[in-house]
file model-v8.tsv (TSV, C-alpha atoms)
chain	number	residue	atom	x	y	z
C	1	MET	CA	-36.89	21.24	-8.52
C	2	ASP	CA	-36.13	21.58	-4.82
C	3	ASN	CA	-32.96	23.67	-4.55
C	4	ASN	CA	-32.31	22.16	-1.14
C	5	LYS	CA	-32.30	18.60	-2.49
C	6	LEU	CA	-29.10	16.80	-1.63
C	7	ASP	CA	-26.80	16.15	-4.61
C	8	PHE	CA	-25.29	12.82	-3.60
C	9	SER	CA	-22.58	12.97	-6.27
C	10	VAL	CA	-21.23	16.21	-4.79
C	11	VAL	CA	-21.25	14.72	-1.29
C	12	LEU	CA	-19.51	11.60	-2.57
C	13	ALA	CA	-16.83	13.66	-4.33
C	14	ALA	CA	-16.20	15.70	-1.19
C	15	SER	CA	-15.97	12.51	0.88
C	16	MET	CA	-13.52	10.95	-1.56
C	17	HIS	CA	-11.37	14.07	-1.41
C	18	ASP	CA	-11.33	13.91	2.39
C	19	MET	CA	-10.51	10.19	2.39
C	20	LYS	CA	-7.71	10.79	-0.11
C	21	ASN	CA	-6.12	13.37	2.20
C	22	SER	CA	-6.41	11.01	5.17
C	23	LEU	CA	-4.81	8.16	3.23
C	24	CYS	CA	-1.94	10.41	2.15
C	25	MET	CA	-1.28	11.26	5.80
C	26	LEU	CA	-1.50	7.57	6.72
C	27	LEU	CA	1.04	6.64	4.03
C	28	GLN	CA	3.46	9.29	5.28
C	29	SER	CA	3.05	8.10	8.87
C	30	MET	CA	3.66	4.48	7.87
C	31	GLU	CA	6.87	5.42	6.08
C	32	THR	CA	8.07	7.37	9.12
C	33	ILE	CA	7.27	4.48	11.47
C	34	SER	CA	9.00	1.99	9.18
C	35	GLU	CA	12.19	4.04	9.31
C	36	SER	CA	12.16	4.52	13.08
C	37	ILE	CA	11.56	0.99	14.38
C	38	GLU	CA	13.08	-2.42	13.78
C	39	HIS	CA	10.95	-5.17	12.27
C	40	THR	CA	11.32	-8.90	11.98
C	41	PRO	CA	11.29	-10.05	8.33
C	42	GLU	CA	7.73	-11.30	8.81
C	43	ALA	CA	6.53	-8.02	10.30
C	44	GLN	CA	8.29	-6.01	7.60
C	45	SER	CA	6.58	-8.11	4.92
C	46	GLU	CA	3.16	-7.52	6.45
C	47	PHE	CA	3.92	-3.82	6.85
C	48	ALA	CA	4.86	-3.59	3.16
C	49	LYS	CA	1.61	-5.33	2.19
C	50	ILE	CA	-0.44	-2.87	4.24
C	51	HIS	CA	1.43	0.07	2.72
C	52	TYR	CA	0.81	-1.33	-0.76
C	53	GLU	CA	-2.93	-1.77	-0.20
C	54	VAL	CA	-3.31	1.73	1.28
C	55	ALA	CA	-1.44	3.16	-1.72
C	56	ARG	CA	-3.71	1.21	-4.08
C	57	VAL	CA	-6.88	2.50	-2.40
C	58	ASN	CA	-5.48	6.03	-2.49
C	59	SER	CA	-4.79	5.64	-6.20
C	60	ASN	CA	-8.36	4.44	-6.80
C	61	LEU	CA	-9.76	7.46	-4.97
C	62	LEU	CA	-7.64	9.80	-7.09
C	63	GLN	CA	-8.95	8.10	-10.22
C	64	MET	CA	-12.58	8.37	-9.14
C	65	LEU	CA	-12.15	12.05	-8.32
C	66	ALA	CA	-10.65	12.70	-11.74
C	67	LEU	CA	-13.44	10.74	-13.44
C	68	TYR	CA	-16.07	12.67	-11.47
C	69	ARG	CA	-14.51	15.98	-12.48
C	70	GLU	CA	-14.23	14.91	-16.11
C	71	ASN	CA	-17.88	13.84	-16.12
C	72	ASN	CA	-18.81	17.26	-14.79
C	73	ALA	CA	-16.47	19.13	-17.15
C	74	GLN	CA	-14.30	20.13	-14.19
C	75	LEU	CA	-10.99	18.50	-15.10
C	76	PRO	CA	-8.68	21.44	-15.86
C	77	LEU	CA	-5.12	20.65	-16.90
C	78	ASN	CA	-2.16	22.42	-15.34
C	79	ILE	CA	0.36	22.06	-18.16
C	80	GLU	CA	3.95	22.90	-17.22
C	81	GLU	CA	7.41	21.65	-18.16
C	82	HIS	CA	8.74	18.78	-16.04
C	83	PHE	CA	11.92	16.70	-16.09
C	84	LEU	CA	11.35	12.98	-16.51
C	85	ASP	CA	14.15	11.91	-14.16
C	86	GLU	CA	12.44	13.81	-11.33
C	87	LEU	CA	9.10	12.21	-12.17
C	88	PHE	CA	10.62	8.72	-12.11
C	89	ASP	CA	12.44	9.44	-8.83
C	90	GLU	CA	9.12	10.49	-7.27
C	91	LEU	CA	7.36	7.33	-8.46
C	92	LEU	CA	10.07	5.05	-7.09
C	93	ALA	CA	10.19	6.91	-3.77
C	94	LYS	CA	6.44	6.43	-3.30
C	95	ASN	CA	6.83	2.67	-3.71
C	96	GLU	CA	10.26	2.16	-2.16
C	97	LEU	CA	8.98	0.22	0.84
C	98	TYR	CA	7.19	-2.39	-1.28
C	99	ILE	CA	10.00	-2.60	-3.87
C	100	THR	CA	12.63	-3.18	-1.19
C	101	ASN	CA	10.60	-5.71	0.79
C	102	LYS	CA	9.66	-7.76	-2.28
C	103	LYS	CA	13.25	-7.59	-3.58
C	104	ILE	CA	12.12	-6.28	-6.97
C	105	THR	CA	14.79	-4.87	-9.25
C	106	VAL	CA	13.66	-1.69	-11.01
C	107	ARG	CA	15.85	-0.23	-13.76
C	108	CYS	CA	15.25	3.14	-15.41
C	109	GLU	CA	16.48	4.47	-18.73
C	110	ILE	CA	15.79	8.14	-19.42
C	111	GLU	CA	17.17	10.34	-22.16
C	112	GLU	CA	19.55	12.88	-20.68
C	113	ASP	CA	17.89	16.16	-19.63
C	114	LEU	CA	14.57	15.01	-21.07
C	115	ALA	CA	11.73	17.38	-20.17
C	116	TRP	CA	8.15	17.65	-21.43
C	117	PHE	CA	4.99	19.67	-20.96
C	118	PHE	CA	2.17	17.87	-19.12
C	119	ASP	CA	-0.02	17.98	-16.01
C	120	ALA	CA	2.34	16.58	-13.37
C	121	ASP	CA	-0.34	15.53	-10.87
C	122	LEU	CA	-2.47	13.66	-13.39
C	123	ILE	CA	0.44	11.98	-15.19
C	124	SER	CA	2.11	11.07	-11.89
C	125	ASN	CA	-1.14	9.48	-10.63
C	126	LEU	CA	-1.58	7.68	-13.94
C	127	LEU	CA	1.92	6.19	-13.93
C	128	ASN	CA	1.85	5.43	-10.21
C	129	ASP	CA	-1.28	3.32	-10.62
C	130	ILE	CA	0.28	1.40	-13.50
C	131	LEU	CA	3.47	0.95	-11.48
C	132	ILE	CA	1.58	-0.26	-8.39
C	133	ASN	CA	-0.17	-2.96	-10.41
C	134	ALA	CA	3.00	-3.95	-12.26
C	135	LEU	CA	4.81	-4.36	-8.93
C	136	LYS	CA	2.08	-6.73	-7.78
C	137	TYR	CA	2.16	-8.90	-10.89
C	138	THR	CA	5.84	-8.87	-11.82
C	139	SER	CA	8.04	-11.79	-10.81
C	140	ASN	CA	11.07	-9.82	-9.65
C	141	GLU	CA	12.09	-7.27	-12.27
C	142	MET	CA	10.83	-4.07	-13.90
C	143	PHE	CA	12.16	-1.64	-16.49
C	144	MET	CA	10.96	1.95	-17.00
C	145	THR	CA	11.95	4.10	-19.97
C	146	ALA	CA	11.32	7.65	-21.17
C	147	LYS	CA	12.43	9.00	-24.53
C	148	GLN	CA	11.43	11.38	-27.28
C	149	ILE	CA	10.37	9.80	-30.55
C	150	ASP	CA	9.65	12.26	-33.36
C	151	GLU	CA	7.55	14.93	-31.63
C	152	SER	CA	6.17	12.78	-28.82
C	153	LEU	CA	7.19	11.70	-25.34
C	154	VAL	CA	7.10	7.91	-24.98
C	155	ILE	CA	7.09	6.32	-21.52
C	156	GLU	CA	7.13	2.54	-21.11
C	157	ILE	CA	6.75	0.32	-18.05
C	158	HIS	CA	7.88	-3.30	-18.49
C	159	ASP	CA	7.60	-6.25	-16.10
C	160	ASN	CA	8.47	-9.95	-16.16
C	161	GLY	CA	5.15	-11.27	-14.91
C	162	ASP	CA	2.53	-13.31	-16.77
C	163	GLY	CA	1.37	-10.39	-18.91
C	164	TYR	CA	-2.04	-8.79	-19.43
C	165	PRO	CA	-4.97	-11.21	-19.92
C	166	ASP	CA	-6.24	-11.46	-23.50
C	167	SER	CA	-9.65	-10.08	-22.55
C	168	MET	CA	-8.09	-6.86	-21.28
C	169	LEU	CA	-5.82	-6.47	-24.30
C	170	GLN	CA	-8.79	-6.75	-26.66
C	171	LYS	CA	-10.89	-4.18	-24.81
C	172	ALA	CA	-8.03	-1.80	-24.02
C	173	ASN	CA	-6.54	-1.64	-27.49
C	174	ASN	CA	-9.78	-1.67	-29.49
C	175	GLU	CA	-12.10	0.59	-27.56
C	176	MET	CA	-11.78	2.23	-24.15
C	177	THR	CA	-15.25	1.79	-22.69
C	178	SER	CA	-16.83	1.23	-19.30
C	179	ALA	CA	-16.53	-2.50	-20.02
C	180	LEU	CA	-12.93	-2.16	-18.87
C	181	LEU	CA	-14.17	-1.51	-15.36
C	182	SER	CA	-15.26	-5.14	-15.10
C	183	GLN	CA	-11.66	-6.31	-15.52
C	184	GLY	CA	-10.12	-7.47	-12.29
C	185	ARG	CA	-6.52	-6.50	-12.85
C	186	THR	CA	-6.25	-2.85	-13.83
C	187	GLY	CA	-9.56	-2.04	-15.48
C	188	LEU	CA	-10.22	1.24	-13.69
C	189	GLY	CA	-6.56	2.23	-13.96
C	190	ILE	CA	-6.46	1.63	-17.72
C	191	TYR	CA	-9.73	3.49	-18.24
C	192	PHE	CA	-8.35	6.38	-16.19
C	193	ALA	CA	-5.00	6.31	-18.03
C	194	ASN	CA	-6.71	6.53	-21.41
C	195	LEU	CA	-8.82	9.46	-20.22
C	196	ILE	CA	-5.85	11.42	-18.89
C	197	ALA	CA	-3.63	10.67	-21.88
C	198	GLY	CA	-6.36	11.79	-24.28
C	199	ALA	CA	-6.82	15.05	-22.38
C	200	HIS	CA	-3.27	16.06	-23.33
C	201	ILE	CA	-3.54	17.69	-26.75
C	202	ASN	CA	-0.87	19.55	-28.70
C	203	LYS	CA	-1.10	20.71	-32.31
C	204	GLU	CA	-4.30	18.68	-32.75
C	205	LYS	CA	-2.53	15.51	-31.62
C	206	LYS	CA	-3.93	13.64	-28.61
C	207	GLY	CA	-2.05	11.52	-26.13
C	208	TYR	CA	-2.81	7.81	-25.94
C	209	ILE	CA	-1.85	4.57	-24.24
C	210	SER	CA	-1.29	1.03	-25.43
C	211	LEU	CA	-0.98	-2.37	-23.76
C	212	ASP	CA	0.79	-5.46	-25.00
C	213	ASN	CA	2.75	-8.47	-23.81
C	214	HIS	CA	5.91	-7.68	-25.79
C	215	SER	CA	7.96	-6.51	-22.84
C	216	CYS	CA	11.72	-6.78	-23.17
C	217	LEU	CA	11.50	-8.67	-19.87
C	218	GLY	CA	8.96	-11.18	-21.14
C	219	GLY	CA	5.86	-9.87	-19.37
C	220	SER	CA	3.52	-6.92	-19.93
C	221	ARG	CA	4.36	-3.54	-21.43
C	222	PHE	CA	2.41	-0.34	-20.79
C	223	THR	CA	3.09	2.58	-23.11
C	224	LEU	CA	2.09	6.23	-22.65
C	225	VAL	CA	2.54	8.63	-25.57
C	226	LEU	CA	2.15	12.39	-25.05
C	227	PRO	CA	2.32	14.91	-27.94

call {"tool": "encode", "arguments": {"input": "model-v8.tsv", "output": "C-alpha coordinates"}}
result
Amino acid sequence: MDNNKLDFSVVLAASMHDMKNSLCMLLQSMETISESIEHTPEAQSEFAKIHYEVARVNSNLLQMLALYRENNAQLPLNIEEHFLDELFDELLAKNELYITNKKITVRCEIEEDLAWFFDADLISNLLNDILINALKYTSNEMFMTAKQIDESLVIEIHDNGDGYPDSMLQKANNEMTSALLSQGRTGLGIYFANLIAGAHINKEKKGYISLDNHSCLGGSRFTLVLP
(Lines of atoms letter the chains of each structure in order from A and count residues from 1; the text may use other names and numbers.)
(Lines give C-alpha, C1' and ligand atoms only; values in the text may rest on other atoms or scores of the structure.)
Protein backbone atom coordinates (compact mmCIF):
# COMPACT_ATOMS: atom_id res chain seq x y z
CA MET A 1 0.00 0.00 0.00
CA ASP A 2 1.25 3.49 -0.80
CA ASN A 3 2.01 5.16 2.54
CA ASN A 4 1.59 8.54 0.89
CA LYS A 5 -1.96 7.78 -0.25
CA LEU A 6 -4.41 10.37 0.98
CA ASP A 7 -6.80 9.12 3.69
CA PHE A 8 -9.91 11.10 2.82
CA SER A 9 -11.65 10.25 6.10
CA VAL A 10 -8.84 11.87 8.08
CA VAL A 11 -8.96 14.97 5.89
CA LEU A 12 -12.73 15.13 6.27
CA ALA A 13 -12.51 14.83 10.05
CA ALA A 14 -9.91 17.61 10.21
CA SER A 15 -12.08 19.80 7.98
CA MET A 16 -15.15 19.19 10.14
CA HIS A 17 -13.17 20.12 13.24
CA ASP A 18 -12.05 23.37 11.61
CA MET A 19 -15.59 24.19 10.44
CA LYS A 20 -16.92 23.47 13.93
CA ASN A 21 -14.49 25.99 15.43
CA SER A 22 -15.45 28.60 12.83
CA LEU A 23 -19.15 28.09 13.50
CA CYS A 24 -18.60 28.44 17.25
CA MET A 25 -16.89 31.79 16.64
CA LEU A 26 -19.71 32.84 14.31
CA LEU A 27 -22.34 31.99 16.95
CA GLN A 28 -20.50 34.03 19.56
CA SER A 29 -20.19 36.98 17.18
CA MET A 30 -23.89 36.83 16.31
CA GLU A 31 -24.84 36.89 19.99
CA THR A 32 -22.57 39.89 20.58
CA ILE A 33 -24.01 41.76 17.59
CA SER A 34 -27.57 40.99 18.69
CA GLU A 35 -26.91 42.56 22.08
CA SER A 36 -25.22 45.68 20.71
CA ILE A 37 -27.64 46.83 18.01
CA GLU A 38 -31.36 47.47 17.79
CA HIS A 39 -33.48 45.36 15.45
CA THR A 40 -36.96 45.71 14.06
CA PRO A 41 -39.16 42.72 15.00
CA GLU A 42 -38.80 41.39 11.46
CA ALA A 43 -35.01 41.68 11.49
CA GLN A 44 -34.80 40.11 14.95
CA SER A 45 -36.89 37.18 13.74
CA GLU A 46 -34.62 36.61 10.74
CA PHE A 47 -31.55 36.96 12.95
CA ALA A 48 -32.92 34.31 15.32
CA LYS A 49 -33.57 31.97 12.38
CA ILE A 50 -30.00 32.37 11.14
CA HIS A 51 -28.63 31.77 14.63
CA TYR A 52 -30.78 28.64 14.93
CA GLU A 53 -29.62 27.20 11.60
CA VAL A 54 -25.95 27.89 12.37
CA ALA A 55 -26.38 26.18 15.76
CA ARG A 56 -28.03 23.21 14.05
CA VAL A 57 -25.19 22.83 11.53
CA ASN A 58 -22.66 23.12 14.35
CA SER A 59 -24.48 20.38 16.24
CA ASN A 60 -24.44 18.13 13.17
CA LEU A 61 -20.69 18.63 12.78
CA LEU A 62 -20.13 17.71 16.42
CA GLN A 63 -22.16 14.55 15.90
CA MET A 64 -20.25 13.54 12.78
CA LEU A 65 -16.93 14.08 14.55
CA ALA A 66 -18.05 11.90 17.44
CA LEU A 67 -19.31 9.20 15.06
CA TYR A 68 -16.01 9.29 13.14
CA ARG A 69 -14.04 8.91 16.36
CA GLU A 70 -16.27 6.10 17.57
CA ASN A 71 -15.89 4.29 14.25
CA ASN A 72 -12.12 4.57 14.63
CA ALA A 73 -12.14 3.61 18.32
CA GLN A 74 -11.07 7.14 19.23
CA LEU A 75 -14.00 8.28 21.37
CA PRO A 76 -12.53 8.54 24.89
CA LEU A 77 -14.86 9.61 27.69
CA ASN A 78 -13.88 12.29 30.17
CA ILE A 79 -16.05 11.26 33.12
CA GLU A 80 -16.31 13.84 35.90
CA GLU A 81 -18.98 14.99 38.35
CA HIS A 82 -21.25 17.78 37.11
CA PHE A 83 -24.24 19.62 38.57
CA LEU A 84 -27.40 19.36 36.52
CA ASP A 85 -28.57 22.91 37.18
CA GLU A 86 -25.35 24.21 35.60
CA LEU A 87 -25.81 21.92 32.60
CA PHE A 88 -29.38 23.13 32.07
CA ASP A 89 -28.33 26.78 32.44
CA GLU A 90 -25.69 26.26 29.74
CA LEU A 91 -28.19 24.66 27.36
CA LEU A 92 -30.71 27.47 27.78
CA ALA A 93 -28.02 30.15 27.39
CA LYS A 94 -26.92 28.63 24.06
CA ASN A 95 -30.47 28.88 22.72
CA GLU A 96 -31.65 32.04 24.48
CA LEU A 97 -31.87 34.11 21.30
CA TYR A 98 -34.20 31.65 19.55
CA ILE A 99 -36.26 30.95 22.69
CA THR A 100 -36.84 34.65 23.32
CA ASN A 101 -37.64 35.53 19.71
CA LYS A 102 -40.10 32.66 19.28
CA LYS A 103 -41.70 33.41 22.67
CA ILE A 104 -41.27 29.82 23.84
CA THR A 105 -41.77 29.15 27.54
CA VAL A 106 -39.18 26.73 28.93
CA ARG A 107 -39.62 25.41 32.47
CA CYS A 108 -37.02 23.35 34.32
CA GLU A 109 -37.41 21.04 37.30
CA ILE A 110 -34.19 19.71 38.82
CA GLU A 111 -33.69 17.89 42.09
CA GLU A 112 -31.86 20.13 44.53
CA ASP A 113 -28.05 19.81 44.39
CA LEU A 114 -28.32 16.97 41.88
CA ALA A 115 -24.93 15.99 40.46
CA TRP A 116 -23.81 13.03 38.35
CA PHE A 117 -20.74 11.56 36.70
CA PHE A 118 -20.67 11.83 32.89
CA ASP A 119 -18.75 13.30 29.96
CA ALA A 120 -19.94 16.92 30.00
CA ASP A 121 -19.05 17.74 26.38
CA LEU A 122 -20.74 14.69 24.90
CA ILE A 123 -23.86 14.86 27.08
CA SER A 124 -24.17 18.62 26.55
CA ASN A 125 -23.94 18.15 22.76
CA LEU A 126 -26.46 15.31 22.93
CA LEU A 127 -29.02 17.30 24.91
CA ASN A 128 -28.42 20.49 22.93
CA ASP A 129 -29.25 18.73 19.68
CA ILE A 130 -32.45 17.30 21.15
CA LEU A 131 -33.33 20.73 22.55
CA ILE A 132 -32.67 22.48 19.22
CA ASN A 133 -35.05 20.13 17.42
CA ALA A 134 -37.67 20.34 20.15
CA LEU A 135 -37.59 24.14 19.96
CA LYS A 136 -38.28 23.93 16.24
CA TYR A 137 -41.23 21.57 16.55
CA THR A 138 -42.85 22.71 19.79
CA SER A 139 -45.85 25.01 19.66
CA ASN A 140 -44.85 27.38 22.45
CA GLU A 141 -43.88 25.43 25.56
CA MET A 142 -41.18 23.06 26.81
CA PHE A 143 -40.41 21.31 30.09
CA MET A 144 -37.02 19.88 31.11
CA THR A 145 -36.50 17.66 34.15
CA ALA A 146 -33.58 15.95 35.87
CA LYS A 147 -33.93 13.55 38.78
CA GLN A 148 -32.41 10.45 40.31
CA ILE A 149 -34.48 7.29 40.10
CA ASP A 150 -33.01 4.29 41.90
CA GLU A 151 -29.34 4.37 40.85
CA SER A 152 -29.78 6.25 37.57
CA LEU A 153 -29.94 9.84 36.38
CA VAL A 154 -33.08 10.49 34.34
CA ILE A 155 -33.31 13.57 32.12
CA GLU A 156 -36.48 14.33 30.15
CA ILE A 157 -37.26 16.95 27.51
CA HIS A 158 -40.97 17.55 26.83
CA ASP A 159 -42.64 19.73 24.20
CA ASN A 160 -46.19 20.52 23.11
CA GLY A 161 -45.71 19.97 19.39
CA ASP A 162 -47.15 17.25 17.17
CA GLY A 163 -44.89 14.52 18.57
CA TYR A 164 -42.44 12.13 16.93
CA PRO A 165 -43.64 10.44 13.72
CA ASP A 166 -44.58 6.77 14.12
CA SER A 167 -41.83 5.65 11.75
CA MET A 168 -39.17 7.20 13.97
CA LEU A 169 -40.66 5.80 17.18
CA GLN A 170 -40.61 2.28 15.74
CA LYS A 171 -36.99 2.48 14.59
CA ALA A 172 -35.70 4.39 17.60
CA ASN A 173 -37.26 2.22 20.28
CA ASN A 174 -36.77 -1.16 18.60
CA GLU A 175 -33.31 -0.98 17.10
CA MET A 176 -30.88 1.90 16.71
CA THR A 177 -29.50 1.36 13.22
CA SER A 178 -28.29 3.46 10.31
CA ALA A 179 -31.88 3.40 9.05
CA LEU A 180 -32.52 6.22 11.50
CA LEU A 181 -30.34 8.48 9.39
CA SER A 182 -33.01 8.50 6.70
CA GLN A 183 -35.48 10.15 9.08
CA GLY A 184 -35.98 13.81 8.36
CA ARG A 185 -36.63 15.12 11.84
CA THR A 186 -33.88 14.05 14.21
CA GLY A 187 -32.51 10.84 12.74
CA LEU A 188 -28.82 11.67 13.07
CA GLY A 189 -29.39 13.25 16.47
CA ILE A 190 -31.20 10.19 17.84
CA TYR A 191 -28.56 7.84 16.43
CA PHE A 192 -25.86 10.00 18.03
CA ALA A 193 -27.75 10.20 21.34
CA ASN A 194 -28.06 6.43 21.54
CA LEU A 195 -24.35 6.02 20.83
CA ILE A 196 -23.29 8.50 23.51
CA ALA A 197 -25.74 7.21 26.10
CA GLY A 198 -24.58 3.63 25.55
CA ALA A 199 -20.94 4.66 25.97
CA HIS A 200 -21.67 5.62 29.59
CA ILE A 201 -21.29 2.41 31.59
CA ASN A 202 -21.29 1.96 35.37
CA LYS A 203 -21.39 -1.33 37.25
CA GLU A 204 -22.14 -3.17 33.99
CA LYS A 205 -25.17 -0.96 33.35
CA LYS A 206 -25.29 1.05 30.12
CA GLY A 207 -26.99 4.35 29.51
CA TYR A 208 -29.87 4.50 27.06
CA ILE A 209 -32.48 6.78 25.53
CA SER A 210 -36.16 6.44 24.75
CA LEU A 211 -38.68 8.36 22.65
CA ASP A 212 -42.43 8.56 23.05
CA ASN A 213 -45.36 10.90 22.61
CA HIS A 214 -46.48 10.80 26.25
CA SER A 215 -45.23 14.25 27.16
CA CYS A 216 -46.94 15.96 30.06
CA LEU A 217 -47.41 18.84 27.60
CA GLY A 218 -49.09 16.70 24.97
CA GLY A 219 -46.24 16.43 22.47
CA SER A 220 -43.01 14.43 22.32
CA ARG A 221 -40.87 13.25 25.23
CA PHE A 222 -37.16 12.44 25.00
CA THR A 223 -35.63 10.52 27.90
CA LEU A 224 -31.95 10.01 28.69
CA VAL A 225 -30.98 7.53 31.42
CA LEU A 226 -27.40 7.37 32.72
CA PRO A 227 -26.23 4.76 35.26

call {"tool": "closest_residue", "arguments": {"input": "model-v8.tsv", "among": "C:Asp85, C:Glu96, C:Asp129, C:Glu204", "to": "Leu114 of chain C", "atoms": "only C-alpha atoms"}}
result
C:Asp85

call {"tool": "atom_distance", "arguments": {"input": "model-v8.tsv", "atom1": "atom CA of Asp150 of chain C", "atom2": "atom CA of Asp121 of chain C"}}
result
24.8 Å

call {"tool": "axis_aligned_box", "arguments": {"input": "model-v8.tsv", "around": "segment 100-109 of chain C", "padding_each_side": "4 Å", "output": "AutoDock Vina command-line options"}}
result
--center_x 13.1 --center_y -1.6 --center_z -9.0 --size_x 14.8 --size_y 20.2 --size_z 27.5

call {"tool": "closest_residue", "arguments": {"input": "model-v8.tsv", "among": "C:Ala146, C:Ala55, C:Ala120, C:Ala115", "to": "Ile132 of chain C", "atoms": "only C-alpha atoms"}}
result
C:Ala55

call {"tool": "atom_distance", "arguments": {"input": "model-v8.tsv", "atom1": "atom CA of Phe117 of chain C", "atom2": "atom CA of Asn95 of chain C"}}
result
24.3 Å

call {"tool": "closest_residue", "arguments": {"input": "model-v8.tsv", "among": "C:Leu126, C:Ile104, C:Val154, C:Cys216", "to": "Leu84 of chain C", "atoms": "all atoms listed in the file"}}
result
C:Val154

call {"tool": "atom_distance", "arguments": {"input": "model-v8.tsv", "atom1": "atom CA of Glu42 of chain C", "atom2": "atom CA of Asn101 of chain C"}}
result
10.2 Å

call {"tool": "closest_residue", "arguments": {"input": "model-v8.tsv", "among": "C:Met19, C:Val106, C:Ala197, C:Met25", "to": "Leu61 of chain C", "atoms": "only C-alpha atoms"}}
result
C:Met19
